[in-house]
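See below for the structure under consideration.
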Amino acid sequence: MKTDQPHSIIYVFYVSIIVALGGFLMGFDASVISGVVKFIEPEFNLTKIQLGWAVASLSLTATFAMITAGPLSDKFGRKVVLKIAAALFFVSAIASAFAPNFLMLVLARMLGGLGVGAALIIAPMYIAEIGPAKYRGRMVSLNQLNIVLGISVAFFTNYLILQAGDSDTQWVQSLGIDQWNWRWMLGIEAIPALLYFVCLSIVPESPRWLMMKGRAQEASIILKRALGEQNAEQEIQQINNNINLEQNITKGAFLDLLKPSMRLVMIVGISIAILQQITGINAVFFYAPMIFEQTGLGTDASFMQAILVGITNVVFTLIAIALIDKIGRKSLLVMGVSGIILCMFSLAYQFNAATYTLTAQAITNLSTEIDIQALHPIIGATFSSDLAFKSAITDMLGTAQAVQFESTLVSAAIQMNGTVILVSILGFVACFAVSLGPVMWVLFSELFPNRIRGIAISFVGLINSGVSFLVQLVFPWELANLGATYTFAIYGGFAFIGLLIILKFLPETKGKSLEELEAILVK
């Protein structure tokens, strides 16, 4: 195959960039809620489990969409499903911003979850189907990069909106940003969602899908523009051969996953799927300001440090993309998960060592909205845990006011090493981004035999999404009932178990053909 022509590469690149905006919206939609939880809890008088539902509901419907998006895209086209996803992102953003109550907010988030699941599956599929093999890995990685960029931008816009709300400028007052900051955080996603919908109109349909539907002439025009004329002819021939081959191959069934020969593969696949979420990554992404507030930083500082989480995620995702074919999958996982264990137990130790004392001087600096008189019985008292301190302020102030001013009171009372907390959280994100984040999906594409790869990836992906949902749902409850110390220790414990499984069962897949891996794993 001849060298790709520059104009063809540019065409494929800009098409891939447009399609990968689905990943950006997915990351944005998933993490924007991190800035919202502090405000909706008192406004809608939510329990900790309800707060968890506000965050996790998106993952619930995303799981359903991941199962259905593939078959729908086979029937109606990749581009059509992506446009529907863009529309769902837009409607969800507007509906979330104007939600009058908790139920409507959850329903709006669930609508956005359908877009998240569809974008997660279809965007990389489309890019893989239009890109030349030489650049396919890097083109597909644009989607993963856009996801982490979306997470980072959500942290940043949340911070900017919070800062704007504190100003006295006329436009802030007229737009109600000061009063409805969390609604603006959710609603601003409508802008990139609308841009995505419009831009999708100028990208072509997937040439492979067109070939599957017998529309070879349309596919040929697109492939000639993407690959050059000679390369396009070769690609068309390859696609035709693959389509004919797939029609003659017996499809794998779910029961095939339960065969004794698949035991090792499924142990590894399911373990990695669970490990990627059970170590608490989405708790950190979706509750970052809440976690930082536990350290006494205050709202503004916690939002600012949440931005560092996003930046760290982007930088180390780029490092992973550069290293994964050089160092290897297992090596990255061993290093990354070992780092996760250290960071989680560091967090647990620091929160365990923290003390909480409301001094007379600290009381004088509190907001006049707080019932200072009610707090007098605990002035000067030292509490050795966050649970004991929060329980005391709830007894003194009542549940409603304790929830509303929890962050302020924790900031005033806590004594701990905030620098070590910050380093540990950023270290955790870095270790995840360079290992479990990108490596999991690469492993899934390599571990399973070709005949059942599709159904196997769907199955372990479903487990991954289910664990993600549960982690997000119970995290606020864990902080309120178990405390930060035990919450992070539990995540560290799961990471340790995962490391033992990786060391014992996972072979290094770097440099091995899929046939070699099948011979090693399927026995």
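Labels for the structure tokens follow display order: chains A, B, ..., residues from 1 in each chain, ligands from 1.
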* For range 396-406 of chain A, list every protein, DNA or RNA residue within 8 Å, evaluated using only C-alpha atoms, and leave out those in the same chain fewer than 4 positions away; present the list as a PyMOL selection string. => chain A and resi 41-42+45+370-371+374-375+390+392+410
With 10 Å as the cut-off and only C-alpha atoms counted, what is the closest atom pair between each nearby residue of range 21-94 of chain A and range 114-131 of chain A? Distances in Å to one decimal, ordered by chain and number, as CSV.
```
residue,atom,partner,partner_atom,distance
A:Leu21,CA,A:Ala123,CA,8.5
A:Gly22,CA,A:Ala119,CA,5.3
A:Gly23,CA,A:Ala119,CA,6.3
A:Phe24,CA,A:Ala119,CA,9.4
A:Leu25,CA,A:Val116,CA,7.6
A:Met26,CA,A:Val116,CA,4.9
A:Gly27,CA,A:Val116,CA,8.3
A:Phe28,CA,A:Val116,CA,9.8
A:Asp29,CA,A:Val116,CA,7.7
A:Ala30,CA,A:Val116,CA,8.0
A:Leu58,CA,A:Leu114,CA,7.7
A:Ser59,CA,A:Gly117,CA,8.1
A:Leu60,CA,A:Leu114,CA,8.9
A:Thr61,CA,A:Leu114,CA,5.4
A:Ala62,CA,A:Gly117,CA,4.0
A:Thr63,CA,A:Gly117,CA,6.2
A:Phe64,CA,A:Gly117,CA,7.3
A:Ala65,CA,A:Gly117,CA,4.7
A:Met66,CA,A:Gly117,CA,4.7
A:Ile67,CA,A:Gly117,CA,8.3
A:Thr68,CA,A:Ala118,CA,8.1
A:Ala69,CA,A:Ala118,CA,5.2
A:Gly70,CA,A:Ile122,CA,6.9
A:Leu72,CA,A:Ala118,CA,9.6
A:Ser73,CA,A:Ile122,CA,7.5
A:Gly77,CA,A:Tyr126,CA,9.7
A:Arg78,CA,A:Ile122,CA,6.4
A:Lys79,CA,A:Tyr126,CA,8.1
A:Val81,CA,A:Ala118,CA,7.2
A:Leu82,CA,A:Ala119,CA,6.5
A:Lys83,CA,A:Gly115,CA,9.4
A:Ile84,CA,A:Gly115,CA,7.5
A:Ala85,CA,A:Gly115,CA,4.1
A:Ala86,CA,A:Gly115,CA,6.7
A:Ala87,CA,A:Gly115,CA,8.0
A:Leu88,CA,A:Gly115,CA,5.5
A:Phe89,CA,A:Gly115,CA,5.8
A:Phe90,CA,A:Gly115,CA,9.4
A:Ser92,CA,A:Gly115,CA,9.0
```
Keeping C-alpha atoms for every residue in the selection just given, could you write it to a file as a short mmCIF file (atom, residue, chain, number, x, y, z; two decimals), in the first residue's frame?
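After the write, again.cif holds the following:
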```
data_model
loop_
_atom_site.label_atom_id
_atom_site.label_comp_id
_atom_site.auth_asym_id
_atom_site.auth_seq_id
_atom_site.Cartn_x
_atom_site.Cartn_y
_atom_site.Cartn_z
CA LEU A 21 -16.50 15.26 20.12
CA GLY A 22 -18.92 12.57 21.28
CA GLY A 23 -16.21 11.48 23.72
CA PHE A 24 -15.80 15.09 24.87
CA LEU A 25 -19.53 15.38 25.58
CA MET A 26 -19.50 12.05 27.35
CA GLY A 27 -16.67 13.15 29.66
CA PHE A 28 -18.27 16.55 30.22
CA ASP A 29 -21.73 15.13 30.95
CA ALA A 30 -20.36 12.54 33.35
CA LEU A 58 -26.47 8.63 34.09
CA SER A 59 -24.37 5.44 34.27
CA LEU A 60 -27.49 3.29 34.62
CA THR A 61 -28.97 4.33 31.26
CA ALA A 62 -25.51 4.52 29.66
CA THR A 63 -25.22 0.78 30.34
CA PHE A 64 -28.50 0.15 28.49
CA ALA A 65 -27.38 2.34 25.59
CA MET A 66 -24.06 0.50 25.32
CA ILE A 67 -25.96 -2.75 24.75
CA THR A 68 -28.39 -1.33 22.17
CA ALA A 69 -26.27 1.26 20.32
CA GLY A 70 -24.30 -1.32 18.31
CA LEU A 72 -29.09 0.20 16.18
CA SER A 73 -26.04 1.53 14.35
CA GLY A 77 -26.05 3.81 10.44
CA ARG A 78 -23.25 5.08 12.69
CA LYS A 79 -23.86 8.73 11.80
CA VAL A 81 -26.98 7.10 16.04
CA LEU A 82 -24.31 9.74 16.77
CA LYS A 83 -26.72 12.53 15.79
CA ILE A 84 -29.35 11.04 18.08
CA ALA A 85 -26.74 10.97 20.87
CA ALA A 86 -25.93 14.66 20.23
CA ALA A 87 -29.63 15.51 20.42
CA LEU A 88 -29.95 13.57 23.69
CA PHE A 89 -26.98 15.49 25.16
CA PHE A 90 -28.65 18.78 24.18
CA SER A 92 -30.59 16.49 28.74
#
```
With a cut-off of 9 Å, could you pull out the residues of range 260-341 of chain A touching range 415-436 of chain A and give me the nearest pair of atoms for each, distance in Å to one decimal, using only C-alpha atoms, ordered by chain and ascending number, as JSON lines?
```
{"residue": "A:Ile272", "atom": "CA", "partner": "A:Leu436", "partner_atom": "CA", "distance": 7.9}
{"residue": "A:Leu275", "atom": "CA", "partner": "A:Leu436", "partner_atom": "CA", "distance": 8.0}
{"residue": "A:Gln276", "atom": "CA", "partner": "A:Leu436", "partner_atom": "CA", "distance": 5.6}
{"residue": "A:Gln277", "atom": "CA", "partner": "A:Leu436", "partner_atom": "CA", "distance": 9.0}
{"residue": "A:Ile281", "atom": "CA", "partner": "A:Val429", "partner_atom": "CA", "distance": 7.3}
{"residue": "A:Val284", "atom": "CA", "partner": "A:Ile425", "partner_atom": "CA", "distance": 8.0}
{"residue": "A:Phe285", "atom": "CA", "partner": "A:Val429", "partner_atom": "CA", "distance": 8.8}
{"residue": "A:Phe292", "atom": "CA", "partner": "A:Leu422", "partner_atom": "CA", "distance": 7.9}
{"residue": "A:Thr295", "atom": "CA", "partner": "A:Gly418", "partner_atom": "CA", "distance": 6.0}
{"residue": "A:Gly296", "atom": "CA", "partner": "A:Gly418", "partner_atom": "CA", "distance": 7.9}
{"residue": "A:Leu297", "atom": "CA", "partner": "A:Gly418", "partner_atom": "CA", "distance": 7.9}
{"residue": "A:Gln305", "atom": "CA", "partner": "A:Leu422", "partner_atom": "CA", "distance": 7.9}
{"residue": "A:Leu308", "atom": "CA", "partner": "A:Leu426", "partner_atom": "CA", "distance": 7.5}
{"residue": "A:Val309", "atom": "CA", "partner": "A:Leu426", "partner_atom": "CA", "distance": 5.9}
{"residue": "A:Gly310", "atom": "CA", "partner": "A:Val429", "partner_atom": "CA", "distance": 8.7}
{"residue": "A:Thr312", "atom": "CA", "partner": "A:Ala430", "partner_atom": "CA", "distance": 6.0}
{"residue": "A:Asn313", "atom": "CA", "partner": "A:Ala433", "partner_atom": "CA", "distance": 5.7}
{"residue": "A:Val314", "atom": "CA", "partner": "A:Ala433", "partner_atom": "CA", "distance": 7.8}
{"residue": "A:Val315", "atom": "CA", "partner": "A:Ala430", "partner_atom": "CA", "distance": 8.1}
{"residue": "A:Phe316", "atom": "CA", "partner": "A:Val434", "partner_atom": "CA", "distance": 5.4}
{"residue": "A:Thr317", "atom": "CA", "partner": "A:Ala433", "partner_atom": "CA", "distance": 5.1}
{"residue": "A:Leu318", "atom": "CA", "partner": "A:Val434", "partner_atom": "CA", "distance": 8.1}
{"residue": "A:Ile319", "atom": "CA", "partner": "A:Val434", "partner_atom": "CA", "distance": 6.6}
{"residue": "A:Ala320", "atom": "CA", "partner": "A:Val434", "partner_atom": "CA", "distance": 4.6}
{"residue": "A:Ile321", "atom": "CA", "partner": "A:Val434", "partner_atom": "CA", "distance": 8.1}
{"residue": "A:Leu323", "atom": "CA", "partner": "A:Val434", "partner_atom": "CA", "distance": 8.7}
{"residue": "A:Ile324", "atom": "CA", "partner": "A:Val434", "partner_atom": "CA", "distance": 8.7}
{"residue": "A:Arg329", "atom": "CA", "partner": "A:Ser435", "partner_atom": "CA", "distance": 7.9}
{"residue": "A:Lys330", "atom": "CA", "partner": "A:Ser435", "partner_atom": "CA", "distance": 8.9}
{"residue": "A:Ser331", "atom": "CA", "partner": "A:Ser435", "partner_atom": "CA", "distance": 8.9}
{"residue": "A:Leu332", "atom": "CA", "partner": "A:Ser435", "partner_atom": "CA", "distance": 5.3}
{"residue": "A:Leu333", "atom": "CA", "partner": "A:Ser435", "partner_atom": "CA", "distance": 4.9}
{"residue": "A:Val334", "atom": "CA", "partner": "A:Ser435", "partner_atom": "CA", "distance": 8.2}
{"residue": "A:Met335", "atom": "CA", "partner": "A:Cys431", "partner_atom": "CA", "distance": 7.7}
{"residue": "A:Gly336", "atom": "CA", "partner": "A:Cys431", "partner_atom": "CA", "distance": 4.5}
{"residue": "A:Val337", "atom": "CA", "partner": "A:Cys431", "partner_atom": "CA", "distance": 6.8}
{"residue": "A:Ser338", "atom": "CA", "partner": "A:Cys431", "partner_atom": "CA", "distance": 8.3}
{"residue": "A:Gly339", "atom": "CA", "partner": "A:Cys431", "partner_atom": "CA", "distance": 5.8}
{"residue": "A:Ile340", "atom": "CA", "partner": "A:Phe428", "partner_atom": "CA", "distance": 5.1}
{"residue": "A:Ile341", "atom": "CA", "partner": "A:Phe428", "partner_atom": "CA", "distance": 8.4}
```
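Proximity to Met266 in chain A was assessed for A:Ile311, A:Val460, A:Ile363, A:Ala489 counting only C-alpha atoms; the smallest distance is recorded for A:Val460.
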* Have a look at A:Ser458, A:Tyr486, A:Pro476, A:Met110 and name the one nearest to Phe345 in chain A; count only C-alpha atoms. => A:Tyr486
* To do: as a PyMOL selection string, list the residues of range 182-401 of chain A assigned to helix (DSSP H, G or I) by DSSP on the backbone atoms of this structure.
  => chain A and resi 182-187+190-200+207-212+216-227+229-248+254-258+260-278+281-293+299-323+329-353+360-364+372-378+386-397+399-401
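Counting from CA of Leu257 in chain A, the distance to CA of Pro438 in chain A is 23.8 Å.
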* Show which residues sit within 12 Å of Gln179 in chain A, as a count of residues only. Count only C-alpha atoms, and ignore same-chain residues fewer than 2 positions away. => 19
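Residue nearest Glu508 in chain A within the list A:Met185, A:Leu342, A:Ile327, A:Ile455: A:Ile327 [criterion: smallest interatomic distance, only C-alpha atoms].
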* DSSP strand (DSSP E) selection over range 228-382 of chain A, as a ChimeraX atom specification -> /A:355-357,382
Next, dump the selected residues to file, keeping only N, CA, C and O atoms, as a CSV table (one decimal), in the first residue's frame.
```
chain,number,residue,atom,x,y,z
A,355,THR,N,-7.9,15.8,62.9
A,355,THR,CA,-8.7,16.2,64.1
A,355,THR,C,-9.6,17.4,63.7
A,355,THR,O,-9.3,18.1,62.8
A,356,TYR,N,-10.7,17.6,64.5
A,356,TYR,CA,-11.7,18.6,64.2
A,356,TYR,C,-12.0,19.4,65.5
A,356,TYR,O,-12.5,18.8,66.4
A,357,THR,N,-11.6,20.7,65.5
A,357,THR,CA,-11.8,21.5,66.7
A,357,THR,C,-12.4,22.9,66.2
A,357,THR,O,-11.7,23.6,65.4
A,382,THR,N,-12.4,18.7,70.8
A,382,THR,CA,-11.7,18.1,69.7
A,382,THR,C,-12.3,16.7,69.3
A,382,THR,O,-12.5,15.9,70.2
```
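The nearest approach to Ser31 in chain A among the residues A:Gln217, A:Gln144, A:Gln472, A:Ser407, with only C-alpha atoms taken into account, belongs to A:Gln472.
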* Asked: Pick the closest to Gly52 in chain A from A:Ala348, A:Leu264, A:Ile236, A:Ile33: which is it, counting only C-alpha atoms?
  -> A:Ile33
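Counting only C-alpha atoms, Leu186 in chain A has the following residues at most 10 Å away, ignoring those fewer than 5 positions along the same chain: Phe28, Asp29, Val32, Ile33, Gly35, Val36, Ser92, Ala93, Ile94, Ala95, Ser96, Ala97, Phe98, Arg109, Ala154, Thr157, Asn158 and Asn181 of chain A.
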Using all heavy atoms, can you export the residues from the last selection as a compact mmCIF listing (two decimals), in the first residue's frame?
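selection-v8.txt, written as the output of this step:
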```
# COMPACT_ATOMS: atom_id res chain seq x y z
N PHE A 28 -17.69 15.34 29.63
CA PHE A 28 -18.27 16.55 30.22
C PHE A 28 -19.53 16.21 31.00
O PHE A 28 -19.70 16.61 32.16
CB PHE A 28 -18.58 17.57 29.13
CG PHE A 28 -18.96 18.93 29.66
CD1 PHE A 28 -18.03 19.95 29.69
CD2 PHE A 28 -20.24 19.20 30.12
CE1 PHE A 28 -18.37 21.22 30.19
CE2 PHE A 28 -20.60 20.44 30.60
CZ PHE A 28 -19.66 21.45 30.64
N ASP A 29 -20.44 15.46 30.35
CA ASP A 29 -21.73 15.13 30.95
C ASP A 29 -21.55 14.31 32.22
O ASP A 29 -22.26 14.50 33.21
CB ASP A 29 -22.58 14.35 29.94
CG ASP A 29 -24.07 14.45 30.25
OD1 ASP A 29 -24.47 15.40 30.93
OD2 ASP A 29 -24.82 13.58 29.79
N VAL A 32 -19.58 16.86 35.03
CA VAL A 32 -20.09 18.19 35.38
C VAL A 32 -20.89 18.13 36.68
O VAL A 32 -20.97 19.11 37.43
CB VAL A 32 -20.94 18.77 34.23
CG1 VAL A 32 -22.28 18.04 34.09
CG2 VAL A 32 -21.16 20.27 34.41
N ILE A 33 -21.45 16.97 36.98
CA ILE A 33 -22.26 16.80 38.19
C ILE A 33 -21.42 17.01 39.45
O ILE A 33 -21.96 17.30 40.52
CB ILE A 33 -22.93 15.41 38.20
CG1 ILE A 33 -24.05 15.32 39.25
CG2 ILE A 33 -21.89 14.32 38.44
CD1 ILE A 33 -25.27 16.10 38.88
N GLY A 35 -19.67 19.46 40.32
CA GLY A 35 -19.85 20.80 40.86
C GLY A 35 -21.26 21.07 41.36
O GLY A 35 -21.51 22.08 42.02
N VAL A 36 -22.17 20.17 41.04
CA VAL A 36 -23.59 20.38 41.31
C VAL A 36 -24.03 19.80 42.64
O VAL A 36 -24.92 20.34 43.30
CB VAL A 36 -24.43 19.77 40.14
CG1 VAL A 36 -25.91 19.81 40.43
CG2 VAL A 36 -24.12 20.50 38.84
N SER A 92 -30.91 16.78 27.34
CA SER A 92 -30.59 16.49 28.74
C SER A 92 -30.02 17.71 29.46
O SER A 92 -30.38 17.99 30.61
CB SER A 92 -29.58 15.34 28.80
OG SER A 92 -29.09 15.16 30.10
N ALA A 93 -29.15 18.47 28.77
CA ALA A 93 -28.55 19.66 29.37
C ALA A 93 -29.61 20.70 29.71
O ALA A 93 -29.62 21.26 30.82
CB ALA A 93 -27.50 20.25 28.43
N ILE A 94 -30.51 20.96 28.76
CA ILE A 94 -31.57 21.95 28.99
C ILE A 94 -32.52 21.48 30.08
O ILE A 94 -32.89 22.25 30.99
CB ILE A 94 -32.35 22.22 27.68
CG1 ILE A 94 -31.42 22.78 26.59
CG2 ILE A 94 -33.51 23.17 27.93
CD1 ILE A 94 -30.77 24.09 26.94
N ALA A 95 -32.94 20.20 30.01
CA ALA A 95 -33.88 19.67 31.00
C ALA A 95 -33.27 19.65 32.40
O ALA A 95 -33.95 19.94 33.39
CB ALA A 95 -34.33 18.27 30.60
N SER A 96 -31.98 19.33 32.50
CA SER A 96 -31.30 19.32 33.81
C SER A 96 -31.24 20.73 34.39
O SER A 96 -31.45 20.92 35.58
CB SER A 96 -29.88 18.77 33.66
OG SER A 96 -29.89 17.44 33.22
N ALA A 97 -30.94 21.70 33.54
CA ALA A 97 -30.81 23.10 34.00
C ALA A 97 -32.13 23.65 34.53
O ALA A 97 -32.14 24.46 35.46
CB ALA A 97 -30.29 23.97 32.87
N PHE A 98 -33.24 23.20 33.95
CA PHE A 98 -34.55 23.72 34.36
C PHE A 98 -35.33 22.76 35.25
O PHE A 98 -36.51 22.99 35.51
CB PHE A 98 -35.39 24.05 33.12
CG PHE A 98 -34.92 25.28 32.39
CD1 PHE A 98 -34.09 25.18 31.28
CD2 PHE A 98 -35.28 26.55 32.83
CE1 PHE A 98 -33.65 26.31 30.61
CE2 PHE A 98 -34.85 27.69 32.17
CZ PHE A 98 -34.02 27.58 31.05
N ARG A 109 -30.94 13.49 33.67
CA ARG A 109 -29.62 12.86 33.67
C ARG A 109 -29.65 11.49 32.99
O ARG A 109 -28.73 11.13 32.26
CB ARG A 109 -29.13 12.70 35.11
CG ARG A 109 -28.82 14.00 35.83
CD ARG A 109 -27.42 14.48 35.57
NE ARG A 109 -26.43 13.57 36.10
CZ ARG A 109 -25.16 13.55 35.69
NH1 ARG A 109 -24.76 14.35 34.72
NH2 ARG A 109 -24.29 12.71 36.22
N ALA A 154 -15.21 20.30 32.14
CA ALA A 154 -16.34 20.38 33.07
C ALA A 154 -15.89 20.93 34.43
O ALA A 154 -16.56 21.79 35.01
CB ALA A 154 -16.99 19.00 33.24
N THR A 157 -15.22 24.76 33.79
CA THR A 157 -16.41 25.61 33.65
C THR A 157 -17.18 25.72 34.96
O THR A 157 -17.73 26.78 35.28
CB THR A 157 -17.35 25.09 32.54
OG1 THR A 157 -17.69 23.72 32.79
CG2 THR A 157 -16.70 25.20 31.18
N ASN A 158 -17.19 24.62 35.74
CA ASN A 158 -17.82 24.70 37.06
C ASN A 158 -17.14 25.76 37.92
O ASN A 158 -17.80 26.55 38.60
CB ASN A 158 -17.72 23.34 37.77
CG ASN A 158 -18.71 22.32 37.24
OD1 ASN A 158 -19.60 22.65 36.47
ND2 ASN A 158 -18.54 21.08 37.65
N ASN A 181 -26.28 28.95 40.10
CA ASN A 181 -24.99 28.52 39.56
C ASN A 181 -24.99 27.06 39.10
O ASN A 181 -24.45 26.73 38.05
CB ASN A 181 -23.86 28.76 40.57
CG ASN A 181 -24.20 28.28 41.97
OD1 ASN A 181 -25.06 27.43 42.16
ND2 ASN A 181 -23.52 28.84 42.95
```
